[in-house]
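Worksheet for the structure shown next.
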Amino acid sequence: MSAGQFFYELFYRTDELFARIYATAHGAWATRGLPSVLLDVLFQLAAAAAVGLFFVLNALFIIYFDRKVAARLQVRRGPNRVGPFGVFQTLADTLKLLQKEDIVPVSADRFVFRMAPLLVLVATFMMFMVLPFGRGLIAADINVGLVYILAISGFTVIGILAGGWASNNKYSLMGGMRSAAQIVSYEVPAVLTVLSVALLAGSLKMGDIVAAQPKVGFIIFQPVGFILYLIASNAEINRAPFDLPEADSELVSGFVTEYSAITFALFFLAEYTNLFLAGGFAATLFLGGWRGPFLPPIVWFLIKTYFVVFLLTWARWTFPRLRVDHLMEFSWKVLVPLALLNLIVTAVLVKVL
């Protein structure tokens, strides 16, 4: 293989490149009489390591991006001291959190208190496994990818509620209960909207959903569904104006009130990574995923994802926080009926046309 062909396949035909590497490695492995299962495990570990590296680096960039966008919207400078354009400010904050003392309240349930942020972080990491970054750039393109996403996203509720309960703090417990009620409520319109996309694609597999979309994406058929999904996903990751579980003026800092140092950083990392995941899945389901002209597929995927992230960040720094009763009414009285109507109309059109 020439160098030009290698780089072409690396950027544009990664599925063919990985298939060739996989076949070559299996052939060399078999000549030594080693079990092929072991090689498959090594490939999966390599994929997990690559996803983990992107997981951390992307979270640092998302935090920096959020701060810069907020500064622009509020006519101020934002991070501009540590490194050129303040790019090392997030890294400095991370190092500061790692050096701080991790304090556990005396009356807290120590095991659950420490396991809660890990559970939220692991659930977030697992969702990366079915996110298609490009042609062949998906760790596990399983047949029930959409069901997998909806199932794994529910684990974050358990982690947040466990952290609030284990803190033995009434503010933390109230924040955890608010989060559970909010995520469960907004999961309903999100699921109904995702089902509309599955009906159009005729599959639950992420790769098939991307392949089934026209050049402009399913947004041309699902403009209402796209808006509903953005609102519901923003509420599920507890971002303003839906950040009631962390309402500072009411609950100190909500379910993270008693957390500090690295345990607080894990919750923080999961929140910003979930922001990227919300943008990535919106790009995959409605904007054509990695498909686009001229540019490499992964570049198109990142452009679309960060466009959605920008929209959610714009909403965060524009709208005031909702009242908790208004928050719940908005889901059950507005989003759920609209999502259900959108699903029924989609089903009728698919059946007729």
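Residues are referred to by chain and number: the chain letter is A, B, ... according to the order shown in the structure tokens, the number counts from 1 in that chain, and ligands are numbered separately from 1 in the order shown.
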>> Which residues are close to A:Ser203, i.e. within 12 Å by only C-alpha atoms, leaving aside same-chain residues fewer than 4 positions away? Reply as JSON, numbers by chain.
In response: {"A": [142, 143, 144, 145, 146, 147, 194, 195, 196, 197, 198, 199, 207, 208, 209, 210, 211, 212, 213, 285]}
>> From a backbone DSSP assignment, name each residue in stretch 172-268 of chain A labelled helix (DSSP H, G or I), as a ChimeraX atom specification.
In response: /A:172-201,206-212,218-220,223-236,244-246,248-251,254-256,261-268
Near stretch 178-186 of chain A, 8 Å: stretch 70-172 of chain A residue rows, closest pairs, only C-alpha atoms, as JSON lines:
```
{"residue": "A:Val157", "atom": "CA", "partner": "A:Ala180", "partner_atom": "CA", "distance": 5.4}
{"residue": "A:Ile158", "atom": "CA", "partner": "A:Ala180", "partner_atom": "CA", "distance": 7.8}
{"residue": "A:Ile160", "atom": "CA", "partner": "A:Ser179", "partner_atom": "CA", "distance": 7.2}
{"residue": "A:Leu161", "atom": "CA", "partner": "A:Ala180", "partner_atom": "CA", "distance": 6.6}
```
>> Can you pull out the residues contacting A:Leu277? Cut-off 12 Å, using only C-alpha atoms, and skip same-chain residues under 6 positions away; I want them as a count of residues only.
In response: 35
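Each of A:Asp93, A:Glu187, A:Glu16, A:Asp66 was compared to A:Arg135 using only C-alpha atoms, and A:Glu16 turns out to be the nearest.
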> What is the atom CA of A:Phe264 to atom CA of A:Val324 distance in Å?
Replying inline: 24.0 Å
>> What's around stretch 329-341 of chain A at 7 Å? Count only C-alpha atoms, leave out sequence neighbours fewer than 4 positions away in its own chain, and write the answer as a VMD selection string.
In response: chain A and resid 185 to 186 188 to 189 192 to 193 225 228 325 345
Grab the residues selected above and save them as a short mmCIF file (atom, residue, chain, number, x, y, z; two decimals), in the first residue's frame with N, CA and C atoms.
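Saved result, part-v1.cif, follows:
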```
data_model
loop_
_atom_site.label_atom_id
_atom_site.label_comp_id
_atom_site.auth_asym_id
_atom_site.auth_seq_id
_atom_site.Cartn_x
_atom_site.Cartn_y
_atom_site.Cartn_z
N SER A 185 -38.82 12.17 33.46
CA SER A 185 -39.88 12.89 32.75
C SER A 185 -39.46 13.23 31.33
N TYR A 186 -38.26 13.74 31.16
CA TYR A 186 -37.81 14.17 29.83
C TYR A 186 -37.30 13.01 29.00
N VAL A 188 -39.14 10.49 28.34
CA VAL A 188 -40.32 10.07 27.56
C VAL A 188 -40.38 10.78 26.21
N PRO A 189 -40.35 12.12 26.15
CA PRO A 189 -40.36 12.76 24.82
C PRO A 189 -39.12 12.44 24.00
N LEU A 192 -39.78 9.00 22.40
CA LEU A 192 -40.77 9.12 21.34
C LEU A 192 -40.18 9.76 20.08
N THR A 193 -39.30 10.74 20.29
CA THR A 193 -38.65 11.40 19.14
C THR A 193 -37.68 10.46 18.45
N GLY A 225 -39.18 17.14 15.50
CA GLY A 225 -38.48 16.13 16.28
C GLY A 225 -37.09 16.59 16.68
N LEU A 228 -37.52 19.05 19.56
CA LEU A 228 -37.93 18.32 20.76
C LEU A 228 -36.76 17.55 21.35
N ASP A 325 -41.95 23.39 39.21
CA ASP A 325 -43.27 22.92 38.77
C ASP A 325 -43.49 23.23 37.29
N VAL A 345 -47.76 11.01 13.24
CA VAL A 345 -47.69 11.55 11.88
C VAL A 345 -46.59 10.84 11.08
#
```
